[in-house]
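Peer 1: My structure is in target_5.cif, and what it holds is mmCIF, C-alpha atoms:
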data_data
#
loop_
_atom_site.label_atom_id
_atom_site.label_comp_id
_atom_site.auth_asym_id
_atom_site.auth_seq_id
_atom_site.Cartn_x
_atom_site.Cartn_y
_atom_site.Cartn_z
CA MET A 1 33.43 -46.18 38.32
CA GLN A 2 35.61 -43.06 38.22
CA TYR A 3 37.80 -44.69 35.59
CA THR A 4 34.72 -45.44 33.48
CA ASN A 5 33.46 -41.85 33.68
CA HIS A 6 36.93 -40.54 32.86
CA LYS A 7 37.09 -42.84 29.85
CA LYS A 8 33.71 -41.61 28.68
CA ASN A 9 34.85 -38.00 29.06
CA LEU A 10 37.92 -38.67 26.94
CA LYS A 11 35.77 -40.33 24.31
CA CYS A 12 33.38 -37.40 24.39
CA GLN A 13 36.21 -34.90 23.92
CA ALA A 14 37.54 -36.90 20.98
CA GLN A 15 34.08 -36.90 19.39
CA PHE A 16 33.86 -33.13 19.90
CA LEU A 17 37.23 -32.50 18.20
CA VAL A 18 36.32 -34.71 15.26
CA GLN A 19 32.98 -32.99 14.94
CA LYS A 20 34.65 -29.56 15.16
CA MET A 21 36.91 -30.48 12.24
CA PHE A 22 33.91 -31.80 10.34
CA ILE A 23 32.07 -28.51 10.83
CA ARG A 24 35.06 -26.56 9.52
CA LEU A 25 35.50 -28.80 6.49
CA GLY A 26 31.76 -28.93 5.86
CA GLY A 27 31.40 -25.25 5.31
CA PHE A 28 31.14 -23.55 8.70
CA LYS A 29 33.18 -20.40 9.06
CA LEU A 30 34.90 -21.15 12.33
CA SER A 31 35.46 -17.45 13.00
CA SER A 32 31.72 -16.74 12.89
CA CYS A 33 30.81 -19.84 14.90
CA LYS A 34 33.64 -19.70 17.45
CA THR A 35 31.46 -18.47 20.27
CA TYR A 36 28.78 -21.00 19.35
CA ILE A 37 31.17 -23.95 19.50
CA GLU A 38 32.97 -22.83 22.65
CA ALA A 39 29.69 -22.14 24.45
CA MET A 40 28.51 -25.70 23.90
CA PRO A 41 31.24 -28.06 25.13
CA CYS A 42 30.53 -31.76 25.14
CA LYS A 43 29.66 -33.03 28.63
CA VAL A 44 28.08 -36.10 30.16
CA ASP A 45 24.48 -36.13 31.35
CA LEU A 46 23.29 -37.11 34.85
CA LYS A 47 23.54 -40.82 34.02
CA GLY A 48 27.12 -40.51 32.82
CA HIS A 49 26.26 -40.78 29.14
CA PRO A 50 27.89 -38.25 26.82
CA ARG A 51 25.74 -35.73 25.03
CA SER A 52 25.49 -36.14 21.30
CA LEU A 53 26.76 -33.49 18.95
CA GLU A 54 24.89 -33.32 15.66
CA SER A 55 25.56 -30.80 12.94
CA VAL A 56 24.70 -30.31 9.30
CA SER A 57 27.47 -29.61 6.81
CA ASN A 58 26.14 -26.14 6.09
CA LYS A 59 27.46 -22.78 7.19
CA ASP A 60 23.96 -21.36 7.71
CA PHE A 61 22.73 -23.49 10.59
CA GLY A 62 23.83 -26.16 13.03
CA LYS A 63 22.41 -28.17 15.93
CA LEU A 64 23.89 -29.44 19.19
CA ILE A 65 21.80 -31.91 21.19
CA GLU A 66 21.46 -31.01 24.87
CA LYS A 67 18.97 -33.75 25.72
CA GLU A 68 18.08 -36.83 23.71
CA GLY A 69 14.48 -37.36 22.69
CA GLN A 70 12.48 -40.41 21.74
CA ALA A 71 14.16 -42.29 18.92
CA ASP A 72 12.65 -42.09 15.44
CA THR A 73 9.98 -39.56 16.39
CA ALA A 74 11.01 -36.67 14.14
CA PRO A 75 8.13 -34.57 12.75
CA GLY A 76 7.61 -34.16 9.03
CA LYS A 77 6.08 -31.63 6.72
CA GLY A 78 2.48 -30.93 7.63
CA SER A 79 2.95 -31.85 11.30
CA CYS A 80 1.57 -29.49 13.91
CA VAL A 81 4.46 -28.97 16.37
CA THR A 82 4.67 -27.32 19.78
CA ILE A 83 8.04 -25.98 20.90
CA ASN A 84 9.74 -23.86 23.52
CA ALA A 85 12.44 -21.59 22.11
CA THR A 86 14.77 -18.92 23.44
CA GLY A 87 16.79 -16.78 21.03
CA LYS A 88 20.08 -15.15 21.97
CA LEU A 89 22.69 -12.99 20.33
CA GLU A 90 26.34 -13.92 20.16
CA ASP A 91 27.01 -12.07 23.41
CA GLY A 92 24.26 -14.02 25.22
CA THR A 93 21.59 -11.26 25.17
CA ILE A 94 18.10 -12.79 25.07
CA ILE A 95 16.12 -11.25 22.21
CA GLU A 96 13.02 -13.46 22.06
CA LYS A 97 11.38 -16.22 24.03
CA HIS A 98 8.51 -18.51 23.05
CA GLU A 99 6.62 -20.95 25.23
CA ASP A 100 4.25 -23.52 23.73
CA LEU A 101 4.66 -22.00 20.28
CA THR A 102 2.41 -23.99 17.96
CA PHE A 103 2.64 -23.96 14.17
CA THR A 104 2.51 -26.24 11.15
CA LEU A 105 5.71 -27.30 9.46
CA GLY A 106 5.75 -26.31 5.81
CA ASP A 107 3.24 -23.44 6.04
CA ASN A 108 5.94 -20.78 6.66
CA GLU A 109 4.39 -19.58 9.89
CA VAL A 110 7.85 -19.18 11.46
CA ILE A 111 11.36 -18.35 10.29
CA GLN A 112 12.95 -20.79 7.88
CA GLY A 113 15.59 -21.82 10.39
CA PHE A 114 12.95 -23.54 12.55
CA GLU A 115 11.56 -25.26 9.46
CA MET A 116 15.04 -26.66 8.77
CA ILE A 117 16.06 -27.70 12.29
CA LEU A 118 12.86 -29.25 13.67
CA PRO A 119 12.69 -32.15 11.15
CA LEU A 120 16.13 -33.16 12.54
CA MET A 121 14.84 -33.33 16.14
CA ASN A 122 12.95 -36.05 17.98
CA LYS A 123 10.03 -35.62 20.32
CA GLY A 124 11.21 -34.42 23.76
CA GLU A 125 14.62 -33.38 22.48
CA ILE A 126 16.34 -30.20 23.62
CA ALA A 127 18.97 -28.75 21.31
CA GLU A 128 20.98 -25.62 20.82
CA GLY A 129 20.93 -24.33 17.28
CA TYR A 130 22.74 -21.76 15.23
CA ILE A 131 20.72 -19.98 12.53
CA ALA A 132 22.34 -17.55 10.11
CA SER A 133 20.62 -14.25 9.41
CA ARG A 134 19.27 -15.20 5.97
CA PHE A 135 17.28 -18.04 7.57
CA ALA A 136 16.25 -15.87 10.52
CA TYR A 137 15.13 -12.25 10.06
CA GLY A 138 17.44 -11.37 7.20
CA LYS A 139 18.46 -7.89 6.12
CA LYS A 140 15.44 -6.24 7.72
CA GLY A 141 15.92 -7.65 11.20
CA LEU A 142 13.16 -7.34 13.78
CA SER A 143 13.03 -3.95 15.44
CA PRO A 144 14.00 -3.03 18.05
CA LYS A 145 16.01 -5.97 19.41
CA ILE A 146 17.21 -7.77 16.29
CA LEU A 147 19.37 -5.72 13.97
CA PRO A 148 19.72 -6.46 10.24
CA ASP A 149 21.98 -9.38 9.25
CA THR A 150 22.06 -10.79 12.79
CA ASN A 151 22.84 -14.45 13.44
CA ILE A 152 20.77 -15.98 16.24
CA TYR A 153 21.50 -18.84 18.65
CA TYR A 154 18.43 -20.73 19.83
CA THR A 155 17.71 -23.22 22.59
CA ILE A 156 14.85 -25.32 21.21
CA GLU A 157 12.72 -27.96 22.91
CA LEU A 158 10.38 -30.07 20.81
CA VAL A 159 7.55 -30.54 23.29
CA ASP A 160 5.07 -32.42 21.12
CA TYR A 161 3.77 -32.83 17.60
CA HIS A 162 0.92 -34.53 15.78
CA ALA A 163 -0.44 -34.70 12.30
CA GLU A 164 -2.58 -31.70 11.42
CA GLN A 165 -6.25 -32.61 11.44
CA ASP A 166 -8.51 -32.24 8.47
CA PRO A 167 -10.62 -29.04 8.75
CA GLY A 168 -13.81 -30.98 8.17
CA GLU A 169 -13.15 -33.22 11.18
CA ILE A 170 -12.77 -30.52 13.84
CA SER A 171 -15.23 -28.11 15.42
CA VAL A 172 -15.89 -24.57 14.23
CA SER A 173 -14.16 -23.05 17.25
CA GLU A 174 -10.99 -25.08 16.59
CA ARG A 175 -11.05 -24.09 12.96
CA MET A 176 -11.31 -20.43 13.99
CA VAL A 177 -8.29 -20.75 16.28
CA ILE A 178 -6.06 -22.44 13.69
CA GLY A 179 -7.22 -20.23 10.82
CA ASN A 180 -6.70 -16.99 12.76
CA ARG A 181 -3.24 -18.15 13.83
CA LYS A 182 -2.23 -18.63 10.21
CA ARG A 183 -3.83 -15.34 9.13
CA GLU A 184 -1.98 -13.39 11.83
CA ARG A 185 1.31 -14.90 10.72
CA GLY A 186 0.43 -13.85 7.19
CA ASN A 187 -0.11 -10.31 8.44
CA PHE A 188 3.30 -10.46 10.09
CA TRP A 189 5.01 -11.36 6.81
CA PHE A 190 2.93 -8.79 4.88
CA ASN A 191 4.07 -5.98 7.18
CA ARG A 192 7.66 -7.10 6.59
CA GLU A 193 7.00 -6.94 2.81
CA GLU A 194 7.75 -10.65 2.45
CA TYR A 195 4.73 -11.25 0.25
CA THR A 196 5.49 -14.80 -0.87
CA MET A 197 5.52 -16.02 2.73
CA ALA A 198 2.33 -14.06 3.43
CA ILE A 199 0.49 -15.67 0.51
CA GLN A 200 1.34 -19.15 1.76
CA CYS A 201 -0.04 -18.36 5.22
CA TYR A 202 -3.22 -16.78 3.83
CA SER A 203 -3.80 -19.72 1.49
CA ALA A 204 -3.34 -22.18 4.36
CA CYS A 205 -5.79 -20.33 6.62
CA LEU A 206 -8.48 -20.33 3.91
CA ASP A 207 -8.62 -24.14 4.16
CA PHE A 208 -9.88 -23.77 7.74
CA PHE A 209 -12.30 -20.93 6.92
CA ASP A 210 -13.96 -22.78 4.06
CA ASP A 211 -17.17 -24.81 4.23
CA ALA A 212 -17.50 -27.01 1.17
CA GLU A 213 -21.10 -27.92 1.99
CA GLU A 214 -22.24 -24.30 2.25
CA GLU A 215 -23.27 -22.19 -0.73
CA TYR A 216 -22.51 -18.62 0.20
CA GLY A 217 -25.48 -16.38 -0.59
CA GLU A 218 -28.05 -14.26 1.16
CA GLU A 219 -29.06 -17.04 3.55
CA VAL A 220 -26.15 -18.39 5.57
CA ARG A 221 -26.36 -20.70 8.56
CA ASP A 222 -25.63 -18.99 11.87
CA GLU A 223 -22.95 -21.56 12.59
CA VAL A 224 -21.06 -20.64 9.43
CA LYS A 225 -21.36 -16.83 9.72
CA PRO A 226 -18.26 -16.39 11.96
CA ILE A 227 -16.18 -18.55 9.61
CA LEU A 228 -17.49 -16.63 6.61
CA GLU A 229 -16.51 -13.28 8.18
CA GLU A 230 -12.98 -14.49 8.86
CA ARG A 231 -12.76 -16.01 5.39
CA LEU A 232 -13.62 -12.68 3.77
CA LYS A 233 -10.95 -10.94 5.86
CA ALA A 234 -8.37 -13.49 4.77
CA LEU A 235 -9.41 -13.15 1.12
CA ASN A 236 -9.08 -9.37 1.34
CA ASN A 237 -5.59 -9.73 2.80
CA LEU A 238 -4.70 -12.31 0.16
CA ALA A 239 -5.87 -9.97 -2.63
CA ALA A 240 -3.82 -7.10 -1.19
CA THR A 241 -0.74 -9.34 -1.22
CA GLN A 242 -1.41 -10.48 -4.79
CA ILE A 243 -1.68 -6.84 -5.88
CA LYS A 244 1.73 -6.17 -4.31
CA LEU A 245 3.12 -9.00 -6.45
CA GLU A 246 1.29 -7.55 -9.51
CA SER A 247 -0.81 -10.72 -9.92
CA TYR A 248 -3.89 -8.73 -10.88
CA ASP A 249 -5.91 -11.51 -12.52
CA VAL A 250 -5.64 -13.72 -9.44
CA ALA A 251 -6.42 -10.78 -7.18
CA VAL A 252 -9.60 -9.99 -9.14
CA ARG A 253 -10.80 -13.57 -8.66
CA SER A 254 -10.23 -13.32 -4.92
CA LEU A 255 -12.09 -10.00 -4.79
CA ASP A 256 -15.00 -11.37 -6.85
CA THR A 257 -15.50 -14.01 -4.17
CA ILE A 258 -15.74 -11.28 -1.53
CA LEU A 259 -18.14 -9.11 -3.54
CA LYS A 260 -20.36 -12.11 -4.18
CA CYS A 261 -21.00 -12.32 -0.44
CA GLN A 262 -20.65 -8.62 0.44
CA PRO A 263 -21.40 -6.39 -2.57
CA GLU A 264 -20.76 -3.26 -0.49
CA ASN A 265 -17.36 -4.25 0.91
CA VAL A 266 -15.47 -0.97 0.46
CA LYS A 267 -11.98 -2.50 0.59
CA ALA A 268 -12.87 -5.09 -2.05
CA LEU A 269 -14.46 -2.42 -4.29
CA TYR A 270 -11.39 -0.20 -3.99
CA ARG A 271 -8.89 -2.99 -4.66
CA LYS A 272 -10.83 -4.41 -7.60
CA GLY A 273 -11.19 -0.92 -9.08
CA LYS A 274 -7.46 -0.44 -8.72
CA CYS A 275 -6.73 -3.78 -10.42
CA LEU A 276 -9.08 -3.02 -13.32
CA GLY A 277 -7.50 0.42 -13.71
CA VAL A 278 -4.05 -1.14 -14.04
CA GLN A 279 -5.44 -3.60 -16.59
CA GLY A 280 -6.85 -0.74 -18.68
CA LYS A 281 -10.53 -1.35 -17.89
CA TYR A 282 -11.14 2.23 -16.87
CA LYS A 283 -14.91 2.42 -17.20
CA GLU A 284 -15.46 -0.63 -14.98
CA ALA A 285 -12.90 0.70 -12.51
CA GLU A 286 -14.62 4.10 -12.43
CA GLU A 287 -17.98 2.49 -11.67
CA LEU A 288 -16.58 0.47 -8.77
CA LEU A 289 -14.66 3.41 -7.30
CA ARG A 290 -17.69 5.68 -7.59
CA LYS A 291 -19.71 3.14 -5.63
CA ALA A 292 -16.97 2.90 -2.98
CA CYS A 293 -16.90 6.73 -2.69
CA SER A 294 -20.65 6.81 -2.16
CA LEU A 295 -20.28 4.31 0.69
CA GLU A 296 -17.37 6.18 2.31
CA PRO A 297 -17.49 9.78 1.04
CA ALA A 298 -14.91 10.95 3.60
CA SER A 299 -12.16 8.66 2.30
CA ARG A 300 -9.48 10.75 0.62
CA LEU A 301 -7.74 7.69 -0.81
CA LEU A 302 -10.86 6.63 -2.71
CA HIS A 303 -11.33 10.08 -4.23
CA GLN A 304 -7.69 10.23 -5.33
CA GLU A 305 -7.92 6.86 -7.04
CA LEU A 306 -11.22 7.85 -8.68
CA ALA A 307 -9.64 11.07 -10.00
CA LYS A 308 -6.78 9.07 -11.54
CA VAL A 309 -9.19 6.69 -13.26
CA ARG A 310 -11.33 9.54 -14.59
CA GLU A 311 -8.27 11.17 -16.07
CA ARG A 312 -7.45 7.89 -17.77
CA VAL A 313 -11.01 7.70 -19.13
CA ARG A 314 -10.69 11.21 -20.58
CA GLU A 315 -7.35 10.41 -22.20
CA GLU A 316 -8.77 7.20 -23.65
CA ALA A 317 -11.75 9.12 -25.13
CA GLU A 318 -9.42 11.65 -26.75
CA SER A 319 -7.29 8.83 -28.14
CA GLN A 320 -10.35 7.15 -29.68
CA LYS A 321 -11.52 10.47 -31.14
CA SER A 322 -8.12 11.02 -32.74
CA LEU A 323 -8.20 7.49 -34.15
CA TYR A 324 -11.61 8.00 -35.74
CA ARG A 325 -10.49 11.28 -37.33
CA ARG A 326 -7.49 9.54 -38.88
CA MET A 327 -9.74 6.78 -40.20
CA LEU A 328 -11.99 9.40 -41.84
CA GLY A 329 -9.03 11.25 -43.30
CA LEU A 330 -9.51 14.33 -41.15
CA LYS A 331 -6.71 16.30 -39.63
CA ASN A 332 -6.35 16.22 -35.92
CA GLU A 333 -6.94 19.44 -34.07
CA PRO A 334 -3.59 20.97 -33.05
CA LYS A 335 -3.01 20.84 -29.36
CA ALA A 336 -2.04 24.04 -27.66
CA ASN A 337 1.31 23.95 -25.98
CA PRO A 338 1.19 26.17 -22.91
CA LYS A 339 4.95 26.07 -22.45
CA LYS A 340 5.80 27.53 -25.86
CA GLY A 341 4.22 30.54 -27.64
CA SER A 342 4.73 32.86 -30.57
CA ALA A 343 6.49 36.24 -30.38
CA ASN A 344 3.15 38.08 -30.22
CA GLU A 345 2.01 35.91 -27.33
CA GLN A 346 5.19 36.65 -25.44
CA ASN A 347 5.09 40.42 -26.19
CA TYR A 348 1.37 40.90 -25.59
CA PRO A 349 0.30 38.23 -23.09
CA VAL A 350 -2.87 40.13 -22.06
CA LEU A 351 -4.13 40.39 -25.63
CA THR A 352 -3.47 36.77 -26.45
CA SER A 353 -5.09 35.57 -23.24
CA PHE A 354 -8.57 36.54 -24.55
CA HIS A 355 -10.40 34.41 -27.08
CA MET A 356 -11.71 35.85 -30.38
CA LYS A 357 -15.27 35.48 -29.19
CA THR A 358 -14.51 37.65 -26.17
CA TRP A 359 -13.01 40.36 -28.39
CA VAL A 360 -16.03 40.41 -30.73
CA MET A 361 -18.51 40.64 -27.86
CA SER A 362 -16.54 43.48 -26.29
CA PHE A 363 -16.46 45.42 -29.57
CA LEU A 364 -20.21 45.00 -30.17
CA THR A 365 -21.01 46.10 -26.65
CA LEU A 366 -18.90 49.26 -26.99
CA PHE A 367 -20.36 50.06 -30.42
CA THR A 368 -23.91 49.74 -29.08
CA ILE A 369 -23.18 52.11 -26.21
CA LEU A 370 -21.76 54.73 -28.60
CA MET A 371 -24.76 54.51 -30.94
CA VAL A 372 -27.20 54.91 -28.08
CA TYR A 373 -25.33 57.95 -26.82
CA LYS A 374 -25.18 59.58 -30.24
CA TYR A 375 -28.74 59.10 -31.43
CA PHE A 376 -31.04 58.22 -28.60
CA TYR A 377 -29.68 60.50 -25.89
CA PRO A 378 -30.42 63.78 -27.81
CA MET A 379 -33.89 62.56 -28.60
CA TRP A 380 -34.46 61.93 -24.94
CA LEU A 381 -33.27 65.43 -23.99
CA GLU A 382 -35.57 67.02 -26.58
CA SER A 383 -38.44 65.10 -25.16
CA GLN A 384 -37.55 66.69 -21.85
CA GLY A 385 -37.96 70.23 -23.41
CA GLY A 386 -34.41 71.28 -24.43
CA GLN A 387 -31.63 70.82 -26.95
CA VAL A 388 -28.33 69.26 -26.54
CA GLY A 389 -25.50 71.71 -25.75
CA ILE A 390 -27.71 74.91 -25.73
CA GLU A 391 -28.87 76.45 -22.51
CA LYS A 392 -32.41 77.86 -22.39
CA SER A 393 -32.42 81.73 -22.32
CA GLU A 394 -35.21 83.92 -20.94
CA PRO A 395 -36.66 86.79 -23.10
CA LYS A 396 -35.05 90.20 -22.45
CA ASP A 397 -37.15 93.02 -20.88
CA PRO A 398 -36.37 96.55 -22.38
CA ILE A 399 -37.20 98.37 -19.16
CA VAL A 400 -34.80 96.21 -17.18
CA GLU A 401 -32.11 96.72 -19.80
CA THR A 402 -32.28 100.54 -19.43
CA LEU A 403 -31.93 100.33 -15.68
CA LEU A 404 -28.84 98.10 -15.77
CA PRO A 405 -25.41 99.80 -15.93
CA THR A 406 -23.65 99.60 -19.24
CA LYS A 407 -20.16 98.13 -19.51
CA THR A 408 -17.58 100.41 -21.09
CA PRO A 409 -14.58 98.86 -22.73
CA ARG A 410 -11.17 99.40 -21.13
CA GLU A 411 -7.78 99.24 -22.63
CA THR A 412 -5.33 96.58 -21.61
CA VAL A 413 -1.63 96.99 -21.20
CA PHE A 414 -1.08 96.01 -24.79
CA GLY A 415 -3.52 98.68 -26.10
CA GLU A 416 -6.34 96.26 -26.77
CA LYS A 417 -9.87 96.96 -25.63
CA GLU A 418 -11.45 94.59 -23.18
CA LEU A 419 -15.14 94.62 -22.29
#
Please express what this file holds, its structure, as structure tokens.
Peer 2:
Amino acid sequence: MQYTNHKKNLKCQAQFLVQKMFIRLGGFKLSSCKTYIEAMPCKVDLKGHPRSLESVSNKDFGKLIEKEGQADTAPGKGSCVTINATGKLEDGTIIEKHEDLTFTLGDNEVIQGFEMILPLMNKGEIAEGYIASRFAYGKKGLSPKILPDTNIYYTIELVDYHAEQDPGEISVSERMVIGNRKRERGNFWFNREEYTMAIQCYSACLDFFDDAEEEYGEEVRDEVKPILEERLKALNNLAATQIKLESYDVAVRSLDTILKCQPENVKALYRKGKCLGVQGKYKEAEELLRKACSLEPASRLLHQELAKVRERVREEAESQKSLYRRMLGLKNEPKANPKKGSANEQNYPVLTSFHMKTWVMSFLTLFTILMVYKYFYPMWLESQGGQVGIEKSEPKDPIVETLLPTKTPRETVFGEKEL
């Protein structure tokens, strides 16, 4: 018995060396995977059978089987899988741990490394996998534990899987759970600015929030109202992602679906107005943004976008006016350039700052004041009993004159007489 186990160990070690050479020749950089290979030596299980070592000839990921699963039970695209996974760094630090993580293969709900490894596993299998950074969290990492360009080593257990059910065959509550799970994963990718992944998640969740037998209008069945609310949220998120990718026509179609059900949805009004503004439909955009501002007058973002669109409308009107003048053979009005001016404008900035109309009105006002003072003011004084510039004198009494002392002239220093 001991000889048999020893023989199996030798066979296992030989398989490990061959596989190690295969990994090196197949593209693995042995320097980057040294810790990975040394940390997973080939051993025998409790029954004395050697563990299998399986790897793909690719430097970006590899898989080492810890525990065999059921034969020929690998999940495929579209399968709903449930796994347990623990992620570690090269030094063994645990950075993430998932228990009963459920997702659909092919919908990009998880990192691409899981999408690549799980189709190679059988039900009940436990494996240790190596996933390079570009199939994990890439150059952005996952703050605060996962730094950019970090390779991750996972211990993965494929607990169970089954084919994803058709949305029309499950209850409303189950549809809500699955749809919200996909929408939240879409939000995760959107926040990471990975918009293509986000669009795939949002599109997948809309399948579970849709009711083909229901015509959305003013009257909606109470059973469908929760699904409709979640559907509109997902459509709004989908439109925001499409705008980020500059797919404005598709985004407008998504927003039209929202406004058909909720004409006063402020987010949809704002995003559609923004799309139409980019497409050059300024008048339609202005109308939508004005309506959004009336619904949320305190929103600064709405007012800023409305101001931009109004400026575009003004510029478009001036452009059309200039075009019509050229068609009629008229000269365009010269535009004033505030940055450059003539020599008179630079020497006399106060004089040039007034318009001609202002100068004429000032001159007329001053002229009127002078005329009134010259002609009408003397007439007014005469009406009051006097003349302009002459003081009224009382008649002289001869008796009083004789009593008053007479003034005799006196000579000044220069010989002149002074009275």
Peer 1: Quick one: residues within 12 Å of Pro263 (chain A), all atoms listed in the file, excluding same-chain residues fewer than 4 positions away - as a PyMOL selection string?
Peer 2: chain A and resi 217-218+232+255-259+267-270+272+288+291-292+295
Peer 1: Of the residues A:Tyr282, A:Phe209, A:Tyr130, A:Tyr137, which is the one nearest to Lys59 (chain A), using all atoms listed in the file?
Peer 2: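 Nearest to Lys59 (chain A): A:Tyr130.
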Peer 1: Going by the chain IDs and residue numbers used in this file, which residues fall under the PyMOL selection byres ((chain A and resi 150-158) around 9)? Write them as a ChimeraX atom specification.
Peer 2: /A:36,66-67,69,81-90,92,95,118,121-139,141,146-149,159-161
Peer 1: Convert the output of the PyMOL selection byres ((chain A and resi 188-190) around 12) on the shown file into explicit residues, formatted as a PyMOL selection string.
Peer 2: chain A and resi 108-111+137+140+142+181-187+191-202+237-245
Peer 1: Once the PyMOL selection byres ((chain A and resi 167) around 12) has been evaluated on this model, what residues remain selected, and can you format them as a ChimeraX atom specification?
Peer 2: /A:164-166,168-179,204-212,227
Peer 1: Which of these residues is nearest to Asn236 (chain A), using all atoms listed in the file: A:Ile94, A:Leu370, A:Ala71, A:Val252?
Peer 2: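 Between A:Ile94, A:Leu370, A:Ala71, A:Val252, the residue approaching Asn236 (chain A) most closely is A:Val252.
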Peer 1: Work out how far CA of Lys274 (chain A) is from CA of Val309 (chain A), in Å to one decimal.
Peer 2: 8.6 Å
Peer 1: Could you state the separation of CA of Lys97 (chain A) and CA of Phe61 (chain A) in Å, given to one decimal place?
Peer 2: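 These two atoms are separated by 19.0 Å.
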Peer 1: Suppose you want the space between CA of Glu315 (chain A) and CA of Leu301 (chain A); what is it in Å?
Peer 2: 21.6 Å
